[in-house]
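Shown next: run_5.txt, containing compact mmCIF, C-alpha atoms (C1' of nucleotides).
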```
# COMPACT_ATOMS: atom_id res chain seq x y z
CA MET A 1 -24.35 23.44 -9.29
CA GLU A 2 -20.65 22.99 -9.84
CA GLN A 3 -20.02 22.51 -13.49
CA ASP A 4 -16.98 20.33 -13.10
CA ILE A 5 -18.51 17.82 -10.72
CA LEU A 6 -20.76 14.94 -11.60
CA GLU A 7 -23.28 14.01 -8.97
CA LEU A 8 -23.45 10.26 -9.24
CA GLU A 9 -26.63 9.98 -7.21
CA SER A 10 -28.57 11.98 -9.77
CA PHE A 11 -26.87 10.67 -12.89
CA LEU A 12 -29.51 8.84 -14.86
CA PRO A 13 -27.42 5.93 -16.16
CA TYR A 14 -26.31 5.16 -12.63
CA ARG A 15 -29.77 5.48 -11.16
CA LEU A 16 -31.28 3.26 -13.79
CA TYR A 17 -28.64 0.65 -13.30
CA ARG A 18 -28.97 0.60 -9.55
CA LEU A 19 -32.71 0.45 -9.78
CA ALA A 20 -32.71 -2.39 -12.26
CA ASP A 21 -30.09 -4.21 -10.27
CA THR A 22 -32.09 -3.97 -7.05
CA VAL A 23 -35.35 -4.98 -8.63
CA SER A 24 -33.81 -7.76 -10.61
CA ARG A 25 -31.90 -9.11 -7.65
CA GLU A 26 -35.04 -9.10 -5.59
CA PHE A 27 -37.08 -10.78 -8.26
CA SER A 28 -34.41 -13.36 -8.97
CA LYS A 29 -34.89 -14.77 -5.51
CA ILE A 30 -38.20 -16.09 -6.69
CA TYR A 31 -36.90 -18.29 -9.47
CA LYS A 32 -33.56 -18.97 -7.84
CA ASP A 33 -34.92 -20.12 -4.50
CA ARG A 34 -37.68 -22.03 -6.12
CA HIS A 35 -35.93 -23.87 -8.90
CA GLY A 36 -32.33 -22.78 -8.87
CA LEU A 37 -32.68 -21.01 -12.18
CA THR A 38 -30.31 -18.36 -13.44
CA ARG A 39 -31.64 -15.24 -15.09
CA PRO A 40 -31.01 -16.47 -18.65
CA GLU A 41 -32.73 -19.72 -17.78
CA TRP A 42 -35.71 -17.90 -16.34
CA ARG A 43 -35.97 -15.74 -19.44
CA THR A 44 -35.78 -18.72 -21.68
CA LEU A 45 -38.48 -20.50 -19.74
CA SER A 46 -40.55 -17.37 -19.78
CA GLY A 47 -40.11 -16.78 -23.48
CA LEU A 48 -41.07 -20.30 -24.43
CA GLY A 49 -43.96 -20.30 -22.00
CA GLN A 50 -45.27 -17.15 -23.52
CA ARG A 51 -44.85 -17.97 -27.18
CA GLY A 52 -44.98 -21.72 -27.30
CA THR A 53 -42.15 -22.48 -29.69
CA MET A 54 -39.12 -20.45 -30.61
CA THR A 55 -35.67 -20.84 -32.06
CA ALA A 56 -32.61 -19.84 -30.11
CA THR A 57 -32.17 -16.75 -32.25
CA GLU A 58 -35.73 -15.64 -31.66
CA LEU A 59 -35.27 -16.18 -27.96
CA GLY A 60 -32.22 -13.97 -28.01
CA GLU A 61 -34.10 -11.22 -29.77
CA GLN A 62 -37.12 -11.39 -27.57
CA SER A 63 -35.29 -11.36 -24.30
CA ALA A 64 -32.25 -9.31 -25.18
CA MET A 65 -29.75 -12.04 -24.48
CA HIS A 66 -26.48 -12.74 -26.19
CA LYS A 67 -26.51 -15.97 -28.13
CA THR A 68 -24.06 -17.64 -25.81
CA LYS A 69 -26.37 -17.01 -22.89
CA VAL A 70 -29.24 -18.47 -24.82
CA SER A 71 -27.21 -21.46 -25.84
CA ARG A 72 -26.21 -22.22 -22.27
CA ALA A 73 -29.65 -21.63 -20.85
CA VAL A 74 -31.22 -23.90 -23.43
CA ALA A 75 -28.66 -26.61 -22.75
CA GLU A 76 -29.41 -26.48 -19.05
CA LEU A 77 -33.17 -26.54 -19.48
CA GLU A 78 -32.79 -29.43 -21.85
CA ARG A 79 -30.68 -31.25 -19.28
CA ARG A 80 -33.54 -30.81 -16.83
CA ARG A 81 -35.92 -32.09 -19.45
CA TRP A 82 -37.87 -28.87 -19.36
CA LEU A 83 -37.62 -28.37 -23.09
CA THR A 84 -37.00 -30.33 -26.25
CA ARG A 85 -35.40 -29.45 -29.55
CA THR A 86 -36.94 -30.24 -32.87
CA PRO A 87 -34.81 -29.82 -35.99
CA ASP A 88 -36.25 -27.57 -38.64
CA GLU A 89 -37.41 -29.35 -41.75
CA ASN A 90 -35.92 -26.96 -44.25
CA ASP A 91 -32.92 -25.51 -42.47
CA ARG A 92 -30.84 -27.98 -40.58
CA ARG A 93 -29.04 -25.29 -38.61
CA VAL A 94 -32.23 -24.30 -36.85
CA GLU A 95 -33.88 -25.98 -33.90
CA HIS A 96 -37.36 -25.30 -32.63
CA LEU A 97 -37.57 -25.26 -28.87
CA THR A 98 -40.64 -26.21 -26.89
CA LEU A 99 -41.31 -26.71 -23.22
CA THR A 100 -42.07 -30.18 -21.98
CA LYS A 101 -44.87 -30.85 -19.53
CA ALA A 102 -42.42 -30.38 -16.68
CA GLY A 103 -41.17 -27.11 -18.13
CA LEU A 104 -44.66 -25.87 -18.69
CA ALA A 105 -45.62 -26.80 -15.16
CA ALA A 106 -42.72 -24.79 -13.79
CA TYR A 107 -43.67 -21.87 -15.99
CA ARG A 108 -47.27 -21.95 -14.88
CA GLU A 109 -46.17 -21.99 -11.31
CA MET A 110 -43.94 -18.98 -11.80
CA VAL A 111 -46.30 -16.71 -13.69
CA PRO A 112 -48.53 -15.73 -10.78
CA LEU A 113 -45.49 -15.15 -8.61
CA ALA A 114 -43.98 -12.85 -11.20
CA LYS A 115 -47.19 -10.94 -11.57
CA ALA A 116 -47.56 -10.65 -7.84
CA PHE A 117 -44.05 -9.33 -7.56
CA GLU A 118 -44.64 -6.66 -10.14
CA GLY A 119 -47.98 -5.81 -8.62
CA GLU A 120 -46.49 -5.40 -5.21
CA LEU A 121 -43.76 -3.16 -6.51
CA LEU A 122 -46.14 -0.94 -8.41
CA GLY A 123 -48.51 -1.04 -5.49
CA LYS A 124 -46.04 0.98 -3.49
CA LEU A 125 -46.43 3.88 -5.89
CA GLU A 126 -49.11 6.48 -6.30
CA ALA A 127 -51.22 6.17 -9.41
CA GLU A 128 -49.47 9.16 -10.96
CA GLU A 129 -46.10 7.70 -10.23
CA ARG A 130 -47.04 4.43 -11.84
CA ALA A 131 -48.12 6.28 -14.92
CA ALA A 132 -44.87 8.24 -14.88
CA ILE A 133 -42.57 5.25 -14.71
CA VAL A 134 -44.41 3.47 -17.48
CA LYS A 135 -44.38 6.53 -19.68
CA GLY A 136 -40.76 7.30 -18.96
CA VAL A 137 -39.53 3.79 -19.57
CA ALA A 138 -41.45 3.55 -22.80
CA ALA A 139 -39.99 6.85 -23.94
CA LEU A 140 -36.45 5.74 -23.25
CA GLU A 141 -37.03 2.44 -24.97
CA ARG A 142 -38.19 4.28 -28.02
CA ALA A 143 -35.33 6.75 -27.85
CA LEU A 144 -32.78 3.98 -27.64
CA GLY A 145 -33.95 0.92 -29.40
CA GLY A 146 -35.69 2.64 -32.19
CA LYS A 147 -35.81 -0.64 -34.00
CA MET B 1 -55.22 -10.60 -21.53
CA GLU B 2 -54.49 -14.21 -20.80
CA GLN B 3 -54.16 -14.64 -17.09
CA ASP B 4 -51.73 -17.52 -17.22
CA ILE B 5 -49.22 -15.90 -19.56
CA LEU B 6 -46.58 -13.39 -18.66
CA GLU B 7 -45.73 -10.93 -21.36
CA LEU B 8 -42.03 -10.44 -20.92
CA GLU B 9 -41.88 -7.33 -23.08
CA SER B 10 -44.15 -5.45 -20.74
CA PHE B 11 -42.89 -6.89 -17.49
CA LEU B 12 -41.38 -4.01 -15.56
CA PRO B 13 -38.39 -5.80 -14.01
CA TYR B 14 -37.36 -7.01 -17.44
CA ARG B 15 -37.87 -3.65 -19.10
CA LEU B 16 -35.91 -1.85 -16.44
CA TYR B 17 -33.08 -4.31 -16.68
CA ARG B 18 -32.87 -4.16 -20.42
CA LEU B 19 -33.00 -0.39 -20.40
CA ALA B 20 -30.30 -0.06 -17.78
CA ASP B 21 -28.19 -2.61 -19.55
CA THR B 22 -28.42 -0.82 -22.86
CA VAL B 23 -27.73 2.60 -21.41
CA SER B 24 -24.95 1.39 -19.22
CA ARG B 25 -23.31 -0.55 -22.01
CA GLU B 26 -23.46 2.47 -24.23
CA PHE B 27 -22.07 4.77 -21.59
CA SER B 28 -19.34 2.35 -20.62
CA LYS B 29 -17.79 2.76 -24.02
CA ILE B 30 -16.79 6.23 -22.98
CA TYR B 31 -14.65 5.24 -20.03
CA LYS B 32 -13.62 1.91 -21.45
CA ASP B 33 -12.43 3.17 -24.80
CA ARG B 34 -10.83 6.18 -23.25
CA HIS B 35 -9.00 4.70 -20.30
CA GLY B 36 -9.78 1.02 -20.19
CA LEU B 37 -11.75 1.39 -16.99
CA THR B 38 -14.27 -1.13 -15.71
CA ARG B 39 -17.55 0.03 -14.27
CA PRO B 40 -16.45 -0.33 -10.65
CA GLU B 41 -13.32 1.61 -11.47
CA TRP B 42 -15.29 4.36 -13.12
CA ARG B 43 -17.63 4.59 -10.16
CA THR B 44 -14.74 4.76 -7.76
CA LEU B 45 -13.10 7.51 -9.77
CA SER B 46 -16.38 9.32 -9.98
CA GLY B 47 -17.10 9.02 -6.29
CA LEU B 48 -13.72 10.31 -5.24
CA GLY B 49 -13.82 13.08 -7.80
CA GLN B 50 -17.15 14.18 -6.50
CA ARG B 51 -16.48 14.00 -2.80
CA GLY B 52 -12.76 14.44 -2.53
CA THR B 53 -11.91 11.82 0.05
CA MET B 54 -13.71 8.67 1.04
CA THR B 55 -13.11 5.34 2.68
CA ALA B 56 -13.78 2.10 0.85
CA THR B 57 -16.91 1.52 2.87
CA GLU B 58 -18.27 4.94 2.05
CA LEU B 59 -17.54 4.34 -1.60
CA GLY B 60 -19.48 1.13 -1.47
CA GLU B 61 -22.45 2.86 0.06
CA GLN B 62 -22.44 5.78 -2.29
CA SER B 63 -22.15 3.80 -5.46
CA ALA B 64 -23.99 0.63 -4.49
CA MET B 65 -21.04 -1.67 -4.95
CA HIS B 66 -20.17 -4.81 -3.06
CA LYS B 67 -17.05 -4.39 -0.99
CA THR B 68 -15.07 -6.81 -3.09
CA LYS B 69 -15.75 -4.71 -6.14
CA VAL B 70 -14.61 -1.62 -4.30
CA SER B 71 -11.51 -3.35 -3.06
CA ARG B 72 -10.52 -4.44 -6.53
CA ALA B 73 -11.30 -1.15 -8.16
CA VAL B 74 -9.30 0.74 -5.55
CA ALA B 75 -6.37 -1.62 -6.00
CA GLU B 76 -6.38 -1.07 -9.73
CA LEU B 77 -6.64 2.71 -9.50
CA GLU B 78 -3.84 2.69 -6.99
CA ARG B 79 -1.74 0.61 -9.35
CA ARG B 80 -2.30 3.30 -11.96
CA ARG B 81 -1.32 5.92 -9.42
CA TRP B 82 -4.69 7.57 -9.77
CA LEU B 83 -5.36 7.48 -6.05
CA THR B 84 -3.51 7.18 -2.77
CA ARG B 85 -4.42 5.68 0.56
CA THR B 86 -3.89 7.44 3.86
CA PRO B 87 -4.29 5.42 7.04
CA ASP B 88 -6.79 6.79 9.51
CA GLU B 89 -5.26 8.25 12.65
CA ASN B 90 -7.66 6.70 15.09
CA ASP B 91 -8.76 3.50 13.43
CA ARG B 92 -6.00 1.60 11.75
CA ARG B 93 -8.38 -0.56 9.77
CA VAL B 94 -9.60 2.45 7.81
CA GLU B 95 -7.93 4.08 4.84
CA HIS B 96 -8.85 7.43 3.35
CA LEU B 97 -8.72 7.45 -0.42
CA THR B 98 -7.93 10.49 -2.49
CA LEU B 99 -7.32 11.02 -6.18
CA THR B 100 -3.86 12.00 -7.30
CA LYS B 101 -3.30 14.73 -9.85
CA ALA B 102 -3.42 12.12 -12.58
CA GLY B 103 -6.64 10.67 -11.21
CA LEU B 104 -8.20 14.08 -10.92
CA ALA B 105 -7.18 14.92 -14.43
CA ALA B 106 -8.86 11.80 -15.74
CA TYR B 107 -11.96 12.59 -13.71
CA ARG B 108 -12.12 16.15 -15.02
CA GLU B 109 -11.80 14.87 -18.52
CA MET B 110 -14.65 12.43 -18.02
CA VAL B 111 -17.20 14.69 -16.39
CA PRO B 112 -18.18 16.69 -19.45
CA LEU B 113 -18.42 13.51 -21.48
CA ALA B 114 -20.71 11.94 -18.92
CA LYS B 115 -22.90 15.01 -18.82
CA ALA B 116 -23.02 15.19 -22.57
CA PHE B 117 -24.04 11.55 -22.72
CA GLU B 118 -26.87 12.06 -20.30
CA GLY B 119 -27.89 15.25 -22.02
CA GLU B 120 -28.01 13.57 -25.37
CA LEU B 121 -30.08 10.71 -24.03
CA LEU B 122 -32.59 13.01 -22.37
CA GLY B 123 -32.52 15.23 -25.40
CA LYS B 124 -34.23 12.52 -27.37
CA LEU B 125 -37.29 12.78 -25.14
CA GLU B 126 -40.10 15.27 -25.00
CA ALA B 127 -40.10 17.54 -21.97
CA GLU B 128 -43.02 15.62 -20.47
CA GLU B 129 -41.28 12.34 -20.98
CA ARG B 130 -38.17 13.63 -19.27
CA ALA B 131 -40.25 14.69 -16.33
CA ALA B 132 -41.95 11.32 -16.29
CA ILE B 133 -38.79 9.26 -16.21
CA VAL B 134 -37.30 11.36 -13.46
CA LYS B 135 -40.45 11.19 -11.40
CA GLY B 136 -40.92 7.49 -11.97
CA VAL B 137 -37.35 6.58 -11.13
CA ALA B 138 -37.43 8.67 -7.99
CA ALA B 139 -40.65 7.01 -6.94
CA LEU B 140 -39.25 3.54 -7.40
CA GLU B 141 -36.09 4.45 -5.56
CA ARG B 142 -38.16 5.61 -2.66
CA ALA B 143 -40.39 2.55 -2.78
CA LEU B 144 -37.43 0.24 -2.75
CA GLY B 145 -34.60 1.87 -0.88
CA GLY B 146 -36.76 2.92 1.95
CA LYS B 147 -33.66 2.84 4.13
C1' DC C 1 -8.37 -6.84 31.99
C1' DC C 2 -9.93 -10.39 28.62
C1' DA C 3 -12.83 -12.99 25.62
C1' DA C 4 -16.36 -12.58 22.28
C1' DA C 5 -18.69 -10.13 18.82
C1' DC C 6 -18.07 -6.80 15.23
C1' DT C 7 -16.16 -3.98 11.48
C1' DG C 8 -12.94 -2.40 7.49
C1' DG C 9 -10.89 -4.46 3.98
C1' DT C 10 -8.56 -8.35 1.24
C1' DT C 11 -8.25 -12.86 -0.76
C1' DT C 12 -9.80 -17.35 -2.45
C1' DC C 13 -12.71 -20.12 -5.10
C1' DA C 14 -16.55 -21.30 -7.92
C1' DT C 15 -19.80 -19.36 -11.14
C1' DT C 16 -21.21 -16.21 -14.71
C1' DT C 17 -20.20 -13.50 -18.45
C1' DG C 18 -18.29 -11.61 -22.99
C1' DT C 19 -15.31 -12.07 -26.98
C1' DA C 20 -13.76 -14.45 -30.44
C1' DA C 21 -13.00 -18.45 -32.76
C1' DC C 22 -15.26 -22.18 -34.50
C1' DC C 23 -18.42 -25.77 -37.07
C1' DA C 24 -22.09 -26.73 -39.93
C1' DT C 25 -25.33 -25.28 -43.14
C1' DC C 26 -27.46 -22.16 -46.27
C1' DG C 27 -28.06 -18.77 -50.21
C1' DA C 28 -26.45 -16.00 -53.81
C1' DA C 29 -23.47 -15.08 -57.50
C1' DA C 30 -20.08 -16.53 -60.92
C1' DT D 1 -21.78 -26.64 -59.88
C1' DT D 2 -18.48 -24.34 -57.03
C1' DT D 3 -17.18 -20.88 -54.25
C1' DC D 4 -17.73 -17.28 -50.90
C1' DG D 5 -20.06 -14.61 -47.60
C1' DA D 6 -23.79 -14.74 -44.18
C1' DT D 7 -26.30 -17.23 -40.43
C1' DG D 8 -27.71 -20.61 -36.44
C1' DG D 9 -25.63 -22.29 -32.82
C1' DT D 10 -21.71 -24.16 -29.75
C1' DT D 11 -17.28 -24.01 -27.52
C1' DA D 12 -12.84 -22.23 -25.56
C1' DC D 13 -10.68 -18.90 -23.07
C1' DA D 14 -10.14 -14.86 -20.35
C1' DA D 15 -12.14 -11.47 -17.43
C1' DA D 16 -15.71 -9.97 -14.07
C1' DT D 17 -18.54 -11.28 -10.24
C1' DG D 18 -20.44 -13.03 -5.59
C1' DA D 19 -20.19 -15.76 -1.49
C1' DA D 20 -17.73 -16.99 2.07
C1' DA D 21 -13.53 -17.40 4.50
C1' DC D 22 -10.16 -14.68 6.23
C1' DC D 23 -6.93 -11.13 8.68
C1' DA D 24 -6.31 -7.20 11.12
C1' DG D 25 -7.84 -4.05 14.44
C1' DT D 26 -11.90 -2.28 17.70
C1' DT D 27 -15.52 -2.35 20.80
C1' DT D 28 -18.38 -4.34 24.36
C1' DG D 29 -19.68 -6.91 28.41
C1' DG D 30 -18.46 -9.52 32.20
```
Just give me the structure of the file as structure tokens.
Amino acid sequence: MEQDILELESFLPYRLYRLADTVSREFSKIYKDRHGLTRPEWRTLSGLGQRGTMTATELGEQSAMHKTKVSRAVAELERRRWLTRTPDENDRRVEHLTLTKAGLAAYREMVPLAKAFEGELLGKLEAEERAAIVKGVAALERALGGK
Amino acid sequence: MEQDILELESFLPYRLYRLADTVSREFSKIYKDRHGLTRPEWRTLSGLGQRGTMTATELGEQSAMHKTKVSRAVAELERRRWLTRTPDENDRRVEHLTLTKAGLAAYREMVPLAKAFEGELLGKLEAEERAAIVKGVAALERALGGK
DNA sequence: CCAAACTGGTTTCATTTGTAACCATCGAAA
DNA sequence: TTTCGATGGTTACAAATGAAACCAGTTTGG
């Protein structure tokens, strides 16, 4: 092993990135082809579908998106009438976001597809490998995020 | 477990993406702060440092970059005089890329930093967890890449 | 030979993204 | 209260990206 050479193909940051990029690109076809959603829009839909009502800040925290991404995604989903904003009673800076019927319908349609996608991906692995990836990812999350 | 809800926080594509994004963002500080490189530029530098001489197409394959990214990164590194192009003898469409002394020097400076970064990251995990992430990532690569 | 299909690489254009500045509101401290 | 620093969210601007068109130059099949 040459000490002064970095083997890109086995460098973890690169491998993780490439992996995530491939998976994400593949998965994005589902929501892009189907509804023309961007990734931030999909995450917003998904977050609201999962939790019911959230503020933009909460959305950003839950789905690891910068606030500008959230802002734009919310604006677009609102334009589609997939969500509505309700001003907070006490703090007029805050808006509570909720999916409309149409938004909820889209969400409900997507959920099984997302689960199927994940299932198919994991289905290509041995049981041990599945356990390994889950354990490894969780460990890295803990090591990094901490919070 | 509600069947009609998707829990984003445990959805593998999302977790992978967030993980890769965090790691990559953290690592990018090293080459960005140090030399103002973009990720494609760093990968190009890294590829050439590792292999010595490559064509743009080979670079794209090795580091999973779209050809436009490669083209731009190569142009920028050339502008910095970190690499040179040599036309292929037999096929005049092809150019062989090689790092200059300056490029090589930058590469050599980066390698230990990259290794230290990876080492530090993995150092935060238990031995078992390290084994798990490596095994899991390899398994997914195999499941996907196939090629 | 020659046209058509293909390949290496660059450029153009529209879209996405990140940074920073910004606006409005809120809370704490003077 | 009034002021000042934080906070929720949007916007403006520049840089990064992807898709598709493009320009050589090469190969293949008739």
Find the residues in chain A near chain D: any atom within 8 Å counts, using only C-alpha atoms (C1' of nucleotides). Write them as JSON, numbers by chain.
{"A": [56, 57, 67, 68, 71, 93, 94]}
Between atom CA of Lys124 of chain A and atom CA of Val111 of chain A, what is the spacing in Å?
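Atom-to-atom, atom CA of Val111 of chain A to atom CA of Lys124 of chain A, that is 20.4 Å.
Picture a line from atom CA of Gly36 of chain A to atom CA of Leu140 of chain B; it runs 27.3 Å.
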Distance in Å - atom CA of Leu48 of chain A versus atom CA of Leu97 of chain A
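Answer for the atom CA of Leu48 of chain A to atom CA of Leu97 of chain A separation: 7.5 Å.
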Report the closest atom pair, with its distance in Å rounded to one decimal, for each residue of chain C that has an atom no farther than 10 Å from chain A; count only C-alpha atoms (C1' of nucleotides), sort by chain and then rising residue number, and write it as a Markdown table.
```
| residue | atom | partner | partner_atom | distance |
| --- | --- | --- | --- | --- |
| C:DT16 | C1' | A:Thr38 | CA | 9.4 |
| C:DT17 | C1' | A:Lys69 | CA | 8.4 |
| C:DG18 | C1' | A:Thr68 | CA | 8.8 |
| C:DA24 | C1' | A:Arg93 | CA | 7.2 |
| C:DT25 | C1' | A:Arg93 | CA | 5.9 |
| C:DC26 | C1' | A:Asp91 | CA | 7.4 |
```
Would you kindly report the residues of chain A within 7 Å of chain B, using all atoms listed in the file, as a VMD selection string?
chain A and resid 4 to 7 12 to 13 16 to 17 19 to 20 23 to 24 50 108 111 118 124 to 125 129 to 130 132 to 133 135 to 137 139 141 143
Centre and size of axis-aligned box enclosing segment 14-29 of chain B plus 4 Å each side, as JSON:
```
{"center_x": -27.8, "center_y": -1.1, "center_z": -20.3, "size_x": 28.1, "size_y": 19.8, "size_z": 15.8}
```
